[in-house]
2 protein chains.
Amino acid sequence: MVGQRQTKKEDLKARLIVACTELIREQGLKNLRARDIAERAGAALGGLYTVFDDLDGLILRVNSGTLKQLENTLNAAISPSAAIEETFLSLSLAYLRFALSERNLWSALFEHRMPEGVSVPEWHLAEHAFLIGLIAAPLARHMPDASRQDVAIRARTFFAAVHGVISLSLEGRFVGITPEVLEREITVLAGILARSRS
Amino acid sequence: MVGQRQTKKEDLKARLIVACTELIREQGLKNLRARDIAERAGAALGGLYTVFDDLDGLILRVNSGTLKQLENTLNAAISPSAAIEETFLSLSLAYLRFALSERNLWSALFEHRMPEGVSVPEWHLAEHAFLIGLIAAPLARHMPDASRQDVAIRARTFFAAVHGVISLSLEGRFVGITPEVLEREITVLAGILARSRS
DNA sequence: TTATAAAATGAACAACGTTCAAAAATGAGG
DNA sequence: CCTCATTTTTGAACGTTGTTCATTTTATAA
């Protein structure tokens, strides 16, 4: 008998992740409170700390879920045989639309900071790898003489470039631009990167 | 007689800005405490709130100073008559080096978030404009048929792209790359953007 | 059923940003 | 130079955080 103990604990964990995800989605990472999470999960405040080390641990799990969602969205947006221009464009626009439709969850991916000294755990860093992989696949055909690692680095650079444009826009720094113009700029940038030869 | 009153108040304000700047530089925005700022400025805790509405107001002033520093650095890095490739490369590398040498102050520029609802004041948004201007000047020569506004938007896109690469790297998301590789990637990206035609 | 171990609870704690009644400093009138 | 109304400075106190822990409740095995 595996027992009711573990079952309840896993259930609590799941409820906390759901509650935390919903609260971040609705109110953003900055307005997240441990007490709100516990209340929405139907648990006592202390219960959170029987399942996670601290709030950061819970947030990391929420971000894991968001990354998985993003992975599914991006995978659905491309076809493996497409030309690099089409793939970059599809990926960029799908990324933009994901960011727009899940703004707070997407923001949490990049706004969240670990406390002083402690760094993001390895298992969570690894969850970002698929982003690189999606770009590296078509890019490798464009860089036949480059090592696998160099392609990965360049893929990271291209992702970061597109991400930077979206991120700076949605953060509301500088003067804002309309979604239509943002989509146009992303389209232009994706084209420039796809056609680039260094 | 303008009085000792206003003088002391301005002095307090200046000391608070200096103290806050130093603390952010040394410990980062996340570890900033109102009590630490007041102590280092040689003031009482409450004094901070006689000069600024809240911590955010003070942080905005610190970020203003950082932006001015950045502006001076970037202006010194370029010559107005240079070709676009050279200008983009100089700007990008100067930006990278500024970010590396004043990491915490630079991070504070983009990590800082206003509280729920309130948005960054207009006067502070305007302080970012020089970044666009620096890029727009050489870019305009490359986009002779584009309107002034379209050039500004494209300049913003290019800045955001380079910023994204630097930002994602220094944040320590994904697996880290060495400063040398980062410099190489920035160089490549600056070249791609300078030679681009949409 | 009972005894032992585990888990859930929420009051309590420390640390934070912010406020405000009280104290100190300032400047004009005598 | 003294006086006292006004302004500024002060830091104790407040409300709200994340986190802990003694206590209570629950689950399991004998």
# chains A, B, ... in the order shown; residues from 1 in each chain; ligands from 1

$ calpha_fit_and_write --fixed "chain A" --moving "chain B" --output "short mmCIF file (atom, residue, chain, number, x, y, z; two decimals) with C-alpha atoms, in the first residue's frame"
data_model
loop_
_atom_site.label_atom_id
_atom_site.label_comp_id
_atom_site.auth_asym_id
_atom_site.auth_seq_id
_atom_site.Cartn_x
_atom_site.Cartn_y
_atom_site.Cartn_z
CA MET B 1 0.66 0.04 0.22
CA VAL B 2 2.04 3.39 -1.00
CA GLY B 3 -0.26 5.08 1.47
CA GLN B 4 -2.39 8.13 1.60
CA ARG B 5 0.55 10.13 2.89
CA GLN B 6 2.45 10.50 -0.34
CA THR B 7 -0.73 10.89 -2.37
CA LYS B 8 -1.88 13.85 -0.31
CA LYS B 9 1.51 15.44 -0.47
CA GLU B 10 1.60 15.19 -4.22
CA ASP B 11 -1.92 16.53 -4.41
CA LEU B 12 -0.94 19.52 -2.29
CA LYS B 13 2.07 20.13 -4.49
CA ALA B 14 -0.09 20.05 -7.61
CA ARG B 15 -2.68 22.39 -6.10
CA LEU B 16 0.02 24.84 -5.09
CA ILE B 17 1.51 24.84 -8.59
CA VAL B 18 -1.91 25.44 -10.13
CA ALA B 19 -2.72 28.22 -7.68
CA CYS B 20 0.65 29.88 -8.17
CA THR B 21 0.35 29.65 -11.94
CA GLU B 22 -3.09 31.26 -11.88
CA LEU B 23 -1.99 34.05 -9.57
CA ILE B 24 1.05 34.89 -11.67
CA ARG B 25 -1.08 34.83 -14.79
CA GLU B 26 -3.67 37.14 -13.25
CA GLN B 27 -1.52 39.53 -11.25
CA GLY B 28 2.06 39.10 -12.36
CA LEU B 29 5.09 37.85 -10.48
CA LYS B 30 5.60 41.07 -8.56
CA ASN B 31 2.20 40.82 -6.85
CA LEU B 32 2.56 37.20 -5.89
CA ARG B 33 2.09 36.50 -2.13
CA ALA B 34 2.68 33.23 -0.33
CA ARG B 35 -0.54 33.75 1.63
CA ASP B 36 -2.59 34.18 -1.55
CA ILE B 37 -1.16 31.00 -3.03
CA ALA B 38 -1.91 28.96 0.08
CA GLU B 39 -5.44 30.35 0.31
CA ARG B 40 -6.23 29.61 -3.33
CA ALA B 41 -4.77 26.12 -3.02
CA GLY B 42 -6.96 25.52 0.03
CA ALA B 43 -3.94 24.91 2.22
CA ALA B 44 -2.42 26.43 5.30
CA LEU B 45 0.37 28.92 4.88
CA GLY B 46 2.95 26.58 6.34
CA GLY B 47 1.96 23.78 4.00
CA LEU B 48 3.76 25.51 1.18
CA TYR B 49 7.05 25.02 2.98
CA THR B 50 6.47 21.30 3.54
CA VAL B 51 6.47 20.79 -0.22
CA PHE B 52 8.86 23.47 -1.48
CA ASP B 53 11.99 24.89 0.10
CA ASP B 54 10.74 28.40 -0.48
CA LEU B 55 8.70 30.56 -2.86
CA ASP B 56 11.49 30.50 -5.41
CA GLY B 57 11.24 26.73 -5.65
CA LEU B 58 7.55 26.97 -6.41
CA ILE B 59 8.07 29.72 -8.95
CA LEU B 60 10.67 27.61 -10.72
CA ARG B 61 8.10 24.83 -11.06
CA VAL B 62 5.58 27.26 -12.51
CA ASN B 63 8.21 28.49 -14.95
CA SER B 64 8.88 24.88 -15.92
CA GLY B 65 5.24 24.52 -16.87
CA THR B 66 5.31 27.73 -18.86
CA LEU B 67 8.39 26.54 -20.73
CA LYS B 68 6.64 23.27 -21.60
CA GLN B 69 3.64 25.23 -22.89
CA LEU B 70 5.97 27.41 -24.93
CA GLU B 71 7.73 24.34 -26.28
CA ASN B 72 4.44 22.84 -27.46
CA THR B 73 3.38 26.12 -29.04
CA LEU B 74 6.63 26.59 -30.93
CA ASN B 75 6.79 22.96 -32.06
CA ALA B 76 3.31 23.29 -33.50
CA ALA B 77 4.32 26.43 -35.39
CA ILE B 78 7.02 24.94 -37.60
CA SER B 79 7.49 22.18 -40.11
CA PRO B 80 10.92 20.52 -40.05
CA SER B 81 11.38 20.62 -43.80
CA ALA B 82 10.64 24.31 -44.30
CA ALA B 83 13.26 26.79 -45.46
CA ILE B 84 15.15 28.77 -42.84
CA GLU B 85 13.36 32.03 -43.59
CA GLU B 86 9.99 30.44 -43.07
CA THR B 87 11.07 28.64 -39.93
CA PHE B 88 12.61 31.72 -38.32
CA LEU B 89 9.54 33.77 -39.20
CA SER B 90 7.12 31.18 -37.84
CA LEU B 91 9.11 30.75 -34.65
CA SER B 92 9.47 34.46 -34.06
CA LEU B 93 5.80 35.22 -34.60
CA ALA B 94 4.70 32.24 -32.53
CA TYR B 95 7.00 33.42 -29.76
CA LEU B 96 5.59 36.92 -29.97
CA ARG B 97 2.03 35.66 -29.81
CA PHE B 98 2.80 33.41 -26.89
CA ALA B 99 4.36 36.32 -25.02
CA LEU B 100 1.34 38.50 -25.78
CA SER B 101 -1.26 35.91 -24.81
CA GLU B 102 0.49 34.78 -21.61
CA ARG B 103 2.19 37.99 -20.77
CA ASN B 104 2.59 37.58 -17.03
CA LEU B 105 3.62 33.94 -17.17
CA TRP B 106 6.06 34.72 -19.95
CA SER B 107 7.45 37.72 -18.06
CA ALA B 108 7.94 35.57 -14.98
CA LEU B 109 10.32 33.39 -16.99
CA PHE B 110 12.76 36.27 -17.27
CA GLU B 111 11.90 38.58 -14.39
CA HIS B 112 12.40 36.00 -11.71
CA ARG B 113 15.73 36.22 -9.90
CA MET B 114 17.20 33.80 -7.43
CA PRO B 115 18.19 35.24 -4.04
CA GLU B 116 21.71 36.49 -3.38
CA GLY B 117 24.37 33.97 -4.25
CA VAL B 118 22.23 30.98 -5.21
CA SER B 119 21.99 30.35 -8.94
CA VAL B 120 19.27 28.80 -11.07
CA PRO B 121 19.41 25.01 -10.62
CA GLU B 122 20.84 22.98 -13.46
CA TRP B 123 17.64 21.06 -14.20
CA HIS B 124 15.82 24.32 -14.85
CA LEU B 125 18.55 25.76 -17.04
CA ALA B 126 18.37 22.59 -19.12
CA GLU B 127 14.68 23.16 -19.73
CA HIS B 128 15.56 26.17 -21.90
CA ALA B 129 17.58 24.02 -24.27
CA PHE B 130 14.72 23.24 -26.65
CA LEU B 131 14.61 26.92 -27.67
CA ILE B 132 18.17 26.64 -28.91
CA GLY B 133 17.43 23.33 -30.59
CA LEU B 134 14.52 24.70 -32.59
CA ILE B 135 16.70 27.41 -34.06
CA ALA B 136 19.85 25.37 -34.36
CA ALA B 137 18.23 22.74 -36.61
CA PRO B 138 17.58 24.99 -39.64
CA LEU B 139 20.60 27.12 -38.83
CA ALA B 140 22.96 24.15 -39.04
CA ARG B 141 22.06 23.77 -42.72
CA HIS B 142 23.10 27.39 -43.18
CA MET B 143 26.41 26.98 -41.38
CA PRO B 144 27.78 23.76 -42.86
CA ASP B 145 31.35 24.43 -41.73
CA ALA B 146 30.51 25.33 -38.16
CA SER B 147 30.77 22.96 -35.22
CA ARG B 148 27.66 21.83 -33.42
CA GLN B 149 28.59 24.08 -30.52
CA ASP B 150 29.13 27.12 -32.70
CA VAL B 151 25.72 26.60 -34.25
CA ALA B 152 24.18 26.36 -30.79
CA ILE B 153 25.85 29.57 -29.74
CA ARG B 154 24.65 31.36 -32.85
CA ALA B 155 21.15 29.99 -32.31
CA ARG B 156 21.23 31.38 -28.82
CA THR B 157 22.32 34.74 -30.17
CA PHE B 158 19.47 34.82 -32.65
CA PHE B 159 16.94 33.80 -30.06
CA ALA B 160 18.23 36.46 -27.70
CA ALA B 161 17.95 39.10 -30.42
CA VAL B 162 14.31 38.36 -31.15
CA HIS B 163 13.60 37.97 -27.45
CA GLY B 164 15.18 41.33 -26.76
CA VAL B 165 12.91 43.12 -29.19
CA ILE B 166 9.79 41.54 -27.75
CA SER B 167 10.93 41.89 -24.19
CA LEU B 168 11.89 45.57 -24.39
CA SER B 169 8.59 46.31 -26.06
CA LEU B 170 6.36 44.53 -23.57
CA GLU B 171 8.28 45.93 -20.63
CA GLY B 172 7.06 49.36 -21.65
CA ARG B 173 10.50 50.87 -21.61
CA PHE B 174 11.13 53.47 -24.30
CA VAL B 175 8.00 54.80 -25.87
CA GLY B 176 5.56 52.06 -26.71
CA ILE B 177 4.84 50.81 -30.19
CA THR B 178 1.64 49.20 -31.41
CA PRO B 179 1.33 45.40 -31.66
CA GLU B 180 1.11 45.69 -35.45
CA VAL B 181 4.39 47.58 -35.68
CA LEU B 182 5.98 45.16 -33.24
CA GLU B 183 4.88 42.26 -35.42
CA ARG B 184 6.35 44.00 -38.45
CA GLU B 185 9.67 44.61 -36.72
CA ILE B 186 9.87 41.01 -35.57
CA THR B 187 9.16 39.89 -39.12
CA VAL B 188 11.90 42.12 -40.47
CA LEU B 189 14.41 40.98 -37.88
CA ALA B 190 13.61 37.28 -38.44
CA GLY B 191 14.21 37.82 -42.16
CA ILE B 192 17.50 39.62 -41.58
CA LEU B 193 18.76 36.86 -39.32
CA ALA B 194 17.61 34.08 -41.63
CA ARG B 195 19.36 35.62 -44.63
CA SER B 196 22.50 36.61 -42.72
CA ARG B 197 25.92 35.24 -43.49
CA SER B 198 28.71 36.08 -41.09
#

$ interface_residues --of "chain C" --to "chain B" --cutoff "10 Å" --atoms "only C-alpha atoms (C1' of nucleotides)" --output "PDB file with C-alpha atoms (C1' of nucleotides), in the first residue's frame"
ATOM      1  C1'  DC C  16      10.927  45.020   4.947  1.00  0.00           C
ATOM      2  C1'  DG C  17       8.813  49.873   3.113  1.00  0.00           C
ATOM      3  C1'  DT C  18       6.361  53.529   4.811  1.00  0.00           C
ATOM      4  C1'  DT C  19       4.105  56.832   8.163  1.00  0.00           C
ATOM      5  C1'  DC C  20       3.705  60.171  11.747  1.00  0.00           C
ATOM      6  C1'  DA C  25      16.583  73.152  13.821  1.00  0.00           C
ATOM      7  C1'  DT C  26      15.630  77.332  11.372  1.00  0.00           C
ATOM      8  C1'  DG C  27      14.505  82.231  10.415  1.00  0.00           C
TER       9       DG C  27
END

$ select_by_dssp --residues "segment 74-191 of chain A" --states "helix (DSSP H, G or I)" --output "NGL selection string"
:A and (74-77 or 84-101 or 103-111 or 122-126 or 129-142 or 148-170 or 179-191)

$ closest_residue --among "D:DA22, D:DC4, D:DA13, D:DA27" --to "chain A" --atoms "only C-alpha atoms (C1' of nucleotides)"
D:DA27

$ residues_around --residues "DA30 of chain D" --least-positions-apart "5" --cutoff "12 Å" --atoms "only C-alpha atoms (C1' of nucleotides)" --output "number ranges by chain"
C: 1-4

$ interface_residues --of "chain D" --to "chain B" --cutoff "10 Å" --atoms "only C-alpha atoms (C1' of nucleotides)" --output "list in words"
DT7, DT8, DT9, DT10 and DG11 of chain D

$ write_last_selection --atoms "C-alpha atoms (C1' of nucleotides)" --output "CSV table (one decimal), in the first residue's frame"
chain,number,residue,atom,x,y,z
D,7,DT,C1',9.8,73.9,9.0
D,8,DT,C1',12.6,69.9,9.0
D,9,DT,C1',14.5,65.8,11.0
D,10,DT,C1',13.9,61.9,13.6
D,11,DG,C1',13.3,56.9,14.7

$ atom_distance --atom1 "atom C1' of DA15 of chain C" --atom2 "atom C1' of DT23 of chain D"
25.3 Å

$ atom_distance --atom1 "atom C1' of DC14 of chain D" --atom2 "atom C1' of DT9 of chain C"
26.4 Å

$ atom_distance --atom1 "atom C1' of DT19 of chain D" --atom2 "atom C1' of DA7 of chain C"
17.6 Å
